[in-house]
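Undergrad: Let me begin by handing over the structure; questions about it come next.
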Number of protein chains: 2
Amino acid sequence: MPECLQSFKQFHFNEAEERELAAYAKAIGHPARVRLIRILAGGGCLGSDLVGQIGLAQSTVSEHLRVLKEAGLVHAEVQHPRTCFSLKPEALDRLQALLVSMRAG
Amino acid sequence: MPECLQSFKQFHFNEAEERELAAYAKAIGHPARVRLIRILAGGGCLGSDLVGQIGLAQSTVSEHLRVLKEAGLVHAEVQHPRTCFSLKPEALDRLQALLVSMRAG
DNA sequence: AGTATTAATCGTCATTTTGCGATTAACGAT
DNA sequence: ATCGTTAATCGCAAAATGACGATTAATACT
């Protein structure tokens, strides 16, 4: 079915957006991080019951959370001994928008 | 703003879907692959003008295409000396649906 | 049979990622 | 001042990824 005859087409690449989308996707690209997002999407946040919910060591969960924070998907609010993690919905909105625009371009 | 008091909530994880979403995201999680998808979304397919469009070696582009194929995002149809690559829109539909359900769960 | 073209594969190297245990830092409570 | 609790960080090992040049495979055309 594919026509294969658009070799000549001009593409206007938005390199910044491409990197932005890739960064979001990369952050989500691990089952443990998908699960973390799933949990955090299910309402506010929790300390590190996250560690309990996922079958991984505390340091490993912390690292995954770091990745998510670095990508801007998750926010951390320190509260005394524990920290409160929460999703940043705007980031997921943005990701979805980037996905759409990638297809429609 | 986050309430941080849902430690007790029960989560029904769909591990298969989590891995599925992570796999899609991981495949997209590289700028070169985002660009490949962008190009392929812009109509049918092309041989390896792809190599020209992206500033990478032929073997590298081939590897990125392999990743995209393995993730089910791209289809390859061999035509004599050259191969015709095309997007699989169902896969992107599925990815978007998984993203939505991850947020709403 | 021999040539040209194109994608895939191989081998290699450097870098990054994943995971763990152990340690550290912060800070409220005793 | 000491004790708990919790998250972050430090090393470290194993594995995966990204990139390249070189080689191979497949197949139309001479």
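Convention: chains lettered A, B, ... in structure tokens order; per-chain residue numbering from 1; ligands numbered from 1 as shown.
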Report the residues of chain A whose backbone DSSP state falls under strand (DSSP E), written as a PyMOL selection string.
TA: chain A and resi 74-79+82-87
Undergrad: Save out the residues we just selected, C-alpha atoms, as a tab-separated table (two decimals), in the first residue's frame.
TA:
chain	number	residue	atom	x	y	z
A	74	VAL	CA	7.08	14.41	38.62
A	75	HIS	CA	7.32	16.94	41.38
A	76	ALA	CA	8.77	16.33	44.82
A	77	GLU	CA	7.82	18.28	47.89
A	78	VAL	CA	9.92	17.64	50.95
A	79	GLN	CA	7.99	17.37	54.18
A	82	ARG	CA	9.47	12.16	54.12
A	83	THR	CA	8.88	13.51	50.65
A	84	CYS	CA	5.66	13.90	48.80
A	85	PHE	CA	5.73	12.99	45.12
A	86	SER	CA	3.14	14.06	42.65
A	87	LEU	CA	2.52	14.03	38.94
Undergrad: Tell me as a VMD selection string which residues belonging to chain C come within 8 Å of chain B, counting only C-alpha atoms (C1' of nucleotides).
TA: chain C and resid 5 to 8
Undergrad: Any chance you could export the current selection's N, CA and C atoms (P, O5', C5', C4', C3', O3' and C1' of nucleotides) as a compact mmCIF listing (two decimals), in the first residue's frame?
TA:
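Saved result, selection.txt, follows:
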# COMPACT_ATOMS: atom_id res chain seq x y z
P DT C 5 25.74 2.01 -8.65
O5' DT C 5 24.55 1.49 -7.73
C5' DT C 5 23.33 1.08 -8.34
C4' DT C 5 22.37 0.58 -7.28
C3' DT C 5 22.40 1.38 -5.99
O3' DT C 5 21.08 1.70 -5.63
C1' DT C 5 22.67 -0.93 -5.54
P DT C 6 20.79 2.82 -4.55
O5' DT C 6 20.35 1.91 -3.32
C5' DT C 6 19.23 1.03 -3.48
C4' DT C 6 19.13 0.12 -2.29
C3' DT C 6 19.31 0.84 -0.95
O3' DT C 6 18.22 0.50 -0.13
C1' DT C 6 20.68 -1.07 -1.06
P DA C 7 17.91 1.31 1.19
O5' DA C 7 17.91 0.13 2.24
C5' DA C 7 17.02 -0.95 2.00
C4' DA C 7 17.43 -2.16 2.79
C3' DA C 7 17.50 -1.93 4.30
O3' DA C 7 16.77 -2.94 4.94
C1' DA C 7 19.57 -2.82 3.49
P DA C 8 16.71 -3.06 6.51
O5' DA C 8 17.79 -4.18 6.83
C5' DA C 8 17.67 -5.43 6.17
C4' DA C 8 18.81 -6.33 6.59
C3' DA C 8 19.01 -6.44 8.10
O3' DA C 8 19.13 -7.80 8.44
C1' DA C 8 21.04 -5.81 7.04
Undergrad: Give me the residues within 10 Å of segment 22-26 of chain C as a ChimeraX atom specification, counting only C-alpha atoms (C1' of nucleotides) and dropping any in the same chain fewer than 2 places off.
TA: /A:80-82 /C:20,28 /D:6-11
Undergrad: Might you pull out every residue within 10 Å of Ser101 of chain B, with only C-alpha atoms (C1' of nucleotides) counted and same-chain residues fewer than 5 positions away left off, and present them as a PyMOL selection string?
TA: (chain A and resi 38) or (chain B and resi 17+95-96)
Undergrad: Which residues, written as a short mmCIF file (atom, residue, chain, number, x, y, z; two decimals) with C-alpha atoms, in the first residue's frame, have at least one atom at most 9 Å from Val34 of chain A, with only C-alpha atoms (C1' of nucleotides) counted and residues fewer than 2 positions away on the same chain left out?
TA:
data_model
loop_
_atom_site.label_atom_id
_atom_site.label_comp_id
_atom_site.auth_asym_id
_atom_site.auth_seq_id
_atom_site.Cartn_x
_atom_site.Cartn_y
_atom_site.Cartn_z
CA ALA A 27 11.74 8.76 30.85
CA ILE A 28 8.55 6.75 30.49
CA GLY A 29 10.37 3.95 28.70
CA HIS A 30 10.73 1.64 31.67
CA PRO A 31 8.05 -0.53 33.29
CA ALA A 32 8.94 0.58 36.80
CA LEU A 36 5.26 4.93 39.36
CA ILE A 37 3.37 7.31 37.12
CA ARG A 38 0.31 5.10 37.31
CA ILE A 39 0.41 5.20 41.08
CA GLU B 18 2.70 -1.31 31.59
CA ARG B 19 5.37 -3.21 29.72
CA LEU B 21 3.60 1.24 27.10
CA ALA B 22 7.17 1.23 28.33
CA MET B 102 -2.27 5.36 32.36
#
Undergrad: Can you show chain A as a CSV table (one decimal) with N, CA and C atoms, in the first residue's frame once it has been least-squares superposed onto chain B, using every C-alpha atom paired in order?
TA:
chain,number,residue,atom,x,y,z
A,1,MET,N,0.0,21.5,47.6
A,1,MET,CA,-1.3,21.1,47.2
A,1,MET,C,-1.6,19.6,47.3
A,2,PRO,N,-0.6,18.7,47.1
A,2,PRO,CA,-0.9,17.3,47.1
A,2,PRO,C,-1.3,16.8,48.5
A,3,GLU,N,-2.2,15.9,48.5
A,3,GLU,CA,-2.7,15.5,49.8
A,3,GLU,C,-1.9,14.4,50.5
A,4,CYS,N,-1.2,13.6,49.7
A,4,CYS,CA,-0.3,12.6,50.3
A,4,CYS,C,-1.0,11.6,51.3
A,5,LEU,N,-2.3,11.3,51.0
A,5,LEU,CA,-2.9,10.4,52.0
A,5,LEU,C,-3.6,9.2,51.4
A,6,GLN,N,-3.0,8.7,50.4
A,6,GLN,CA,-3.6,7.5,49.8
A,6,GLN,C,-2.8,6.3,49.8
A,7,SER,N,-2.0,6.2,50.9
A,7,SER,CA,-1.1,5.1,51.1
A,7,SER,C,-1.8,3.8,51.0
A,8,PHE,N,-3.0,3.8,51.4
A,8,PHE,CA,-3.8,2.6,51.6
A,8,PHE,C,-4.5,2.1,50.3
A,9,LYS,N,-4.6,3.0,49.4
A,9,LYS,CA,-5.3,2.7,48.1
A,9,LYS,C,-4.8,1.3,47.5
A,10,GLN,N,-5.8,0.6,46.9
A,10,GLN,CA,-5.5,-0.6,46.2
A,10,GLN,C,-5.3,-0.3,44.8
A,11,PHE,N,-4.2,-0.8,44.2
A,11,PHE,CA,-3.9,-0.6,42.8
A,11,PHE,C,-4.0,-1.9,42.1
A,12,HIS,N,-4.8,-1.8,41.0
A,12,HIS,CA,-4.9,-3.0,40.1
A,12,HIS,C,-3.9,-2.7,38.9
A,13,PHE,N,-2.8,-3.3,39.0
A,13,PHE,CA,-1.8,-3.1,37.9
A,13,PHE,C,-2.0,-4.1,36.8
A,14,ASN,N,-2.0,-3.5,35.6
A,14,ASN,CA,-2.0,-4.4,34.4
A,14,ASN,C,-0.5,-4.4,33.9
A,15,GLU,N,0.2,-5.4,34.4
A,15,GLU,CA,1.6,-5.5,34.1
A,15,GLU,C,1.9,-5.6,32.6
A,16,ALA,N,1.0,-6.3,31.9
A,16,ALA,CA,1.3,-6.4,30.5
A,16,ALA,C,1.2,-5.1,29.8
A,17,GLU,N,0.2,-4.3,30.2
A,17,GLU,CA,0.0,-3.0,29.5
A,17,GLU,C,1.1,-2.1,29.9
A,18,GLU,N,1.6,-2.2,31.2
A,18,GLU,CA,2.7,-1.3,31.6
A,18,GLU,C,3.9,-1.6,30.8
A,19,ARG,N,4.2,-2.9,30.5
A,19,ARG,CA,5.4,-3.2,29.7
A,19,ARG,C,5.2,-2.8,28.3
A,20,GLU,N,3.9,-2.9,27.8
A,20,GLU,CA,3.7,-2.5,26.4
A,20,GLU,C,3.9,-1.0,26.2
A,21,LEU,N,3.4,-0.2,27.2
A,21,LEU,CA,3.6,1.2,27.1
A,21,LEU,C,5.1,1.6,27.2
A,22,ALA,N,5.7,0.9,28.1
A,22,ALA,CA,7.1,1.2,28.3
A,22,ALA,C,7.9,0.9,27.1
A,23,ALA,N,7.6,-0.2,26.4
A,23,ALA,CA,8.3,-0.6,25.2
A,23,ALA,C,8.1,0.4,24.1
A,24,TYR,N,6.9,0.8,23.9
A,24,TYR,CA,6.6,1.9,22.9
A,24,TYR,C,7.4,3.1,23.2
A,25,ALA,N,7.3,3.6,24.5
A,25,ALA,CA,8.0,4.8,24.9
A,25,ALA,C,9.5,4.7,24.7
A,26,LYS,N,10.0,3.6,25.1
A,26,LYS,CA,11.5,3.4,24.9
A,26,LYS,C,11.9,3.5,23.5
A,27,ALA,N,11.1,2.9,22.6
A,27,ALA,CA,11.4,3.0,21.2
A,27,ALA,C,11.4,4.4,20.7
A,28,ILE,N,10.5,5.2,21.2
A,28,ILE,CA,10.4,6.6,20.7
A,28,ILE,C,11.4,7.5,21.4
A,29,GLY,N,12.0,6.9,22.5
A,29,GLY,CA,12.9,7.7,23.3
A,29,GLY,C,14.2,8.1,22.8
A,30,HIS,N,14.3,8.4,21.6
A,30,HIS,CA,15.6,8.9,21.0
A,30,HIS,C,15.3,9.8,19.8
A,31,PRO,N,16.0,11.0,19.8
A,31,PRO,CA,15.7,12.0,18.9
A,31,PRO,C,15.7,11.5,17.4
A,32,ALA,N,16.7,10.7,17.1
A,32,ALA,CA,16.8,10.2,15.7
A,32,ALA,C,15.5,9.4,15.4
A,33,ARG,N,15.0,8.6,16.3
A,33,ARG,CA,13.9,7.8,16.0
A,33,ARG,C,12.6,8.6,16.0
A,34,VAL,N,12.6,9.7,16.8
A,34,VAL,CA,11.4,10.6,16.6
A,34,VAL,C,11.4,11.2,15.2
A,35,ARG,N,12.6,11.6,14.8
A,35,ARG,CA,12.6,12.2,13.4
A,35,ARG,C,12.2,11.2,12.4
A,36,LEU,N,12.7,10.0,12.5
A,36,LEU,CA,12.3,8.9,11.5
A,36,LEU,C,10.8,8.8,11.5
A,37,ILE,N,10.2,8.7,12.7
A,37,ILE,CA,8.7,8.6,12.7
A,37,ILE,C,8.1,9.9,12.1
A,38,ARG,N,8.6,11.0,12.4
A,38,ARG,CA,8.1,12.2,11.8
A,38,ARG,C,8.1,12.2,10.3
A,39,ILE,N,9.2,11.7,9.7
A,39,ILE,CA,9.4,11.6,8.3
A,39,ILE,C,8.4,10.6,7.7
A,40,LEU,N,8.3,9.5,8.4
A,40,LEU,CA,7.4,8.4,7.9
A,40,LEU,C,5.9,8.8,8.0
A,41,ALA,N,5.7,9.6,9.0
A,41,ALA,CA,4.3,10.1,9.2
A,41,ALA,C,3.9,11.0,8.1
A,42,GLY,N,4.9,11.7,7.5
A,42,GLY,CA,4.6,12.6,6.4
A,42,GLY,C,4.2,12.0,5.1
A,43,GLY,N,3.6,10.8,5.1
A,43,GLY,CA,3.3,10.1,3.9
A,43,GLY,C,4.0,8.8,3.8
A,44,GLY,N,3.5,8.0,3.0
A,44,GLY,CA,4.0,6.6,2.8
A,44,GLY,C,5.4,6.3,3.4
A,45,CYS,N,6.3,6.1,2.5
A,45,CYS,CA,7.6,5.8,3.0
A,45,CYS,C,8.7,6.1,1.9
A,46,LEU,N,9.9,5.9,2.2
A,46,LEU,CA,11.0,6.1,1.3
A,46,LEU,C,12.0,5.0,1.5
A,47,GLY,N,12.9,4.9,0.6
A,47,GLY,CA,13.9,3.9,0.7
A,47,GLY,C,14.8,4.3,1.9
A,48,SER,N,16.0,4.7,1.5
A,48,SER,CA,16.8,5.2,2.6
A,48,SER,C,17.3,6.6,2.2
A,49,ASP,N,16.4,7.4,1.7
A,49,ASP,CA,16.6,8.8,1.7
A,49,ASP,C,16.6,9.2,3.2
A,50,LEU,N,16.0,8.2,4.0
A,50,LEU,CA,16.1,8.4,5.4
A,50,LEU,C,17.5,8.7,5.9
A,51,VAL,N,18.4,7.9,5.3
A,51,VAL,CA,19.8,8.1,5.7
A,51,VAL,C,20.2,9.6,5.4
A,52,GLY,N,19.8,10.1,4.2
A,52,GLY,CA,20.1,11.4,3.9
A,52,GLY,C,19.5,12.4,4.8
A,53,GLN,N,18.2,12.2,5.1
A,53,GLN,CA,17.5,13.2,6.0
A,53,GLN,C,18.1,13.3,7.4
A,54,ILE,N,18.6,12.2,7.8
A,54,ILE,CA,19.2,12.2,9.2
A,54,ILE,C,20.7,12.2,9.0
A,55,GLY,N,21.4,12.9,9.8
A,55,GLY,CA,22.9,13.0,9.6
A,55,GLY,C,23.6,11.9,10.3
A,56,LEU,N,23.2,10.6,10.0
A,56,LEU,CA,23.9,9.5,10.7
A,56,LEU,C,24.3,8.5,9.6
A,57,ALA,N,25.2,7.6,10.0
A,57,ALA,CA,25.6,6.6,9.1
A,57,ALA,C,24.5,5.6,8.7
A,58,GLN,N,24.7,5.0,7.6
A,58,GLN,CA,23.6,4.0,7.1
A,58,GLN,C,23.4,2.9,8.1
A,59,SER,N,24.4,2.4,8.7
A,59,SER,CA,24.2,1.3,9.6
A,59,SER,C,23.5,1.8,10.9
A,60,THR,N,23.8,3.0,11.3
A,60,THR,CA,23.1,3.5,12.5
A,60,THR,C,21.6,3.7,12.2
A,61,VAL,N,21.3,4.3,11.1
A,61,VAL,CA,19.9,4.5,10.7
A,61,VAL,C,19.2,3.1,10.6
A,62,SER,N,19.9,2.2,10.0
A,62,SER,CA,19.3,0.8,9.9
A,62,SER,C,19.0,0.3,11.3
A,63,GLU,N,19.9,0.5,12.2
A,63,GLU,CA,19.7,0.0,13.6
A,63,GLU,C,18.5,0.7,14.2
A,64,HIS,N,18.3,2.0,14.1
A,64,HIS,CA,17.2,2.7,14.6
A,64,HIS,C,15.9,2.2,14.0
A,65,LEU,N,15.9,1.9,12.7
A,65,LEU,CA,14.8,1.4,12.1
A,65,LEU,C,14.4,0.0,12.6
A,66,ARG,N,15.5,-0.8,12.9
A,66,ARG,CA,15.2,-2.1,13.5
A,66,ARG,C,14.5,-2.0,14.8
A,67,VAL,N,14.9,-1.0,15.6
A,67,VAL,CA,14.3,-0.8,16.9
A,67,VAL,C,12.8,-0.5,16.7
A,68,LEU,N,12.6,0.4,15.8
A,68,LEU,CA,11.2,0.8,15.6
A,68,LEU,C,10.3,-0.3,15.0
A,69,LYS,N,11.0,-1.1,14.2
A,69,LYS,CA,10.2,-2.3,13.7
A,69,LYS,C,9.9,-3.3,14.8
A,70,GLU,N,11.0,-3.5,15.6
A,70,GLU,CA,10.8,-4.5,16.7
A,70,GLU,C,9.7,-4.0,17.7
A,71,ALA,N,9.6,-2.7,17.8
A,71,ALA,CA,8.5,-2.2,18.7
A,71,ALA,C,7.2,-2.2,18.0
A,72,GLY,N,7.1,-2.6,16.8
A,72,GLY,CA,5.9,-2.6,16.0
A,72,GLY,C,5.4,-1.3,15.5
A,73,LEU,N,6.3,-0.3,15.6
A,73,LEU,CA,5.8,1.1,15.1
A,73,LEU,C,6.0,1.3,13.7
A,74,VAL,N,6.9,0.5,13.1
A,74,VAL,CA,7.2,0.7,11.6
A,74,VAL,C,7.1,-0.6,10.9
A,75,HIS,N,6.7,-0.5,9.7
A,75,HIS,CA,6.7,-1.7,8.8
A,75,HIS,C,7.6,-1.6,7.7
A,76,ALA,N,8.3,-2.7,7.3
A,76,ALA,CA,9.2,-2.6,6.2
A,76,ALA,C,8.8,-3.6,5.1
A,77,GLU,N,8.7,-3.1,3.9
A,77,GLU,CA,8.3,-3.9,2.7
A,77,GLU,C,9.5,-3.9,1.7
A,78,VAL,N,10.1,-5.0,1.6
A,78,VAL,CA,11.2,-5.1,0.7
A,78,VAL,C,10.7,-5.1,-0.8
A,79,GLN,N,11.4,-4.2,-1.5
A,79,GLN,CA,11.1,-4.1,-3.0
A,79,GLN,C,12.5,-4.1,-3.7
A,80,HIS,N,12.9,-5.3,-4.0
A,80,HIS,CA,14.1,-5.4,-4.8
A,80,HIS,C,15.3,-4.9,-4.1
A,81,PRO,N,16.0,-4.0,-4.7
A,81,PRO,CA,17.2,-3.6,-4.0
A,81,PRO,C,16.9,-2.7,-2.8
A,82,ARG,N,15.8,-2.0,-2.8
A,82,ARG,CA,15.5,-1.1,-1.7
A,82,ARG,C,14.3,-1.6,-0.9
A,83,THR,N,14.1,-1.0,0.2
A,83,THR,CA,13.0,-1.3,1.1
A,83,THR,C,12.2,-0.1,1.4
A,84,CYS,N,10.9,-0.4,1.5
A,84,CYS,CA,10.0,0.7,1.7
A,84,CYS,C,9.5,0.7,3.2
A,85,PHE,N,9.8,1.7,3.9
A,85,PHE,CA,9.4,1.8,5.3
A,85,PHE,C,8.1,2.6,5.5
A,86,SER,N,7.3,2.2,6.4
A,86,SER,CA,6.1,3.0,6.6
A,86,SER,C,5.7,2.9,8.1
A,87,LEU,N,4.9,3.9,8.5
A,87,LEU,CA,4.4,3.9,9.9
A,87,LEU,C,3.3,2.9,10.0
A,88,LYS,N,3.1,2.4,11.2
A,88,LYS,CA,1.9,1.6,11.5
A,88,LYS,C,1.1,2.4,12.5
A,89,PRO,N,0.1,3.1,11.9
A,89,PRO,CA,-0.7,4.1,12.7
A,89,PRO,C,-1.4,3.4,13.9
A,90,GLU,N,-1.8,2.1,13.7
A,90,GLU,CA,-2.5,1.5,14.8
A,90,GLU,C,-1.6,1.5,16.0
A,91,ALA,N,-0.3,1.3,15.8
A,91,ALA,CA,0.6,1.3,17.0
A,91,ALA,C,0.6,2.6,17.7
A,92,LEU,N,0.6,3.7,16.9
A,92,LEU,CA,0.6,5.0,17.6
A,92,LEU,C,-0.8,5.3,18.2
A,93,ASP,N,-1.8,4.8,17.6
A,93,ASP,CA,-3.1,4.9,18.2
A,93,ASP,C,-3.1,4.1,19.6
A,94,ARG,N,-2.5,2.9,19.5
A,94,ARG,CA,-2.5,2.1,20.8
A,94,ARG,C,-1.6,2.9,21.8
A,95,LEU,N,-0.5,3.4,21.4
A,95,LEU,CA,0.3,4.1,22.4
A,95,LEU,C,-0.4,5.3,23.0
A,96,GLN,N,-1.2,6.0,22.2
A,96,GLN,CA,-1.9,7.2,22.8
A,96,GLN,C,-3.0,6.7,23.7
A,97,ALA,N,-3.6,5.6,23.3
A,97,ALA,CA,-4.7,5.0,24.2
A,97,ALA,C,-4.1,4.6,25.6
A,98,LEU,N,-2.9,4.0,25.5
A,98,LEU,CA,-2.2,3.5,26.7
A,98,LEU,C,-1.9,4.7,27.6
A,99,LEU,N,-1.4,5.7,27.0
A,99,LEU,CA,-1.1,6.9,27.7
A,99,LEU,C,-2.3,7.5,28.4
A,100,VAL,N,-3.4,7.5,27.7
A,100,VAL,CA,-4.6,8.0,28.3
A,100,VAL,C,-5.0,7.2,29.5
A,101,SER,N,-5.0,5.8,29.3
A,101,SER,CA,-5.5,4.9,30.3
A,101,SER,C,-4.5,4.9,31.5
A,102,MET,N,-3.3,5.3,31.2
A,102,MET,CA,-2.3,5.3,32.3
A,102,MET,C,-2.6,6.5,33.3
A,103,ARG,N,-3.2,7.5,32.7
A,103,ARG,CA,-3.5,8.7,33.5
A,103,ARG,C,-4.8,8.5,34.2
A,104,ALA,N,-5.7,7.9,33.5
A,104,ALA,CA,-7.1,7.7,34.1
A,104,ALA,C,-7.1,6.5,35.0
A,105,GLY,N,-6.5,5.4,34.5
A,105,GLY,CA,-6.4,4.1,35.2
A,105,GLY,C,-7.6,3.7,35.9
Undergrad: Extract, using only C-alpha atoms (C1' of nucleotides), all DNA, RNA and protein residues at most 12 Å from DT12 of chain C, discarding same-chain residues fewer than 5 positions from it, and format them as a PyMOL selection string.
TA: chain D and resi 19-22
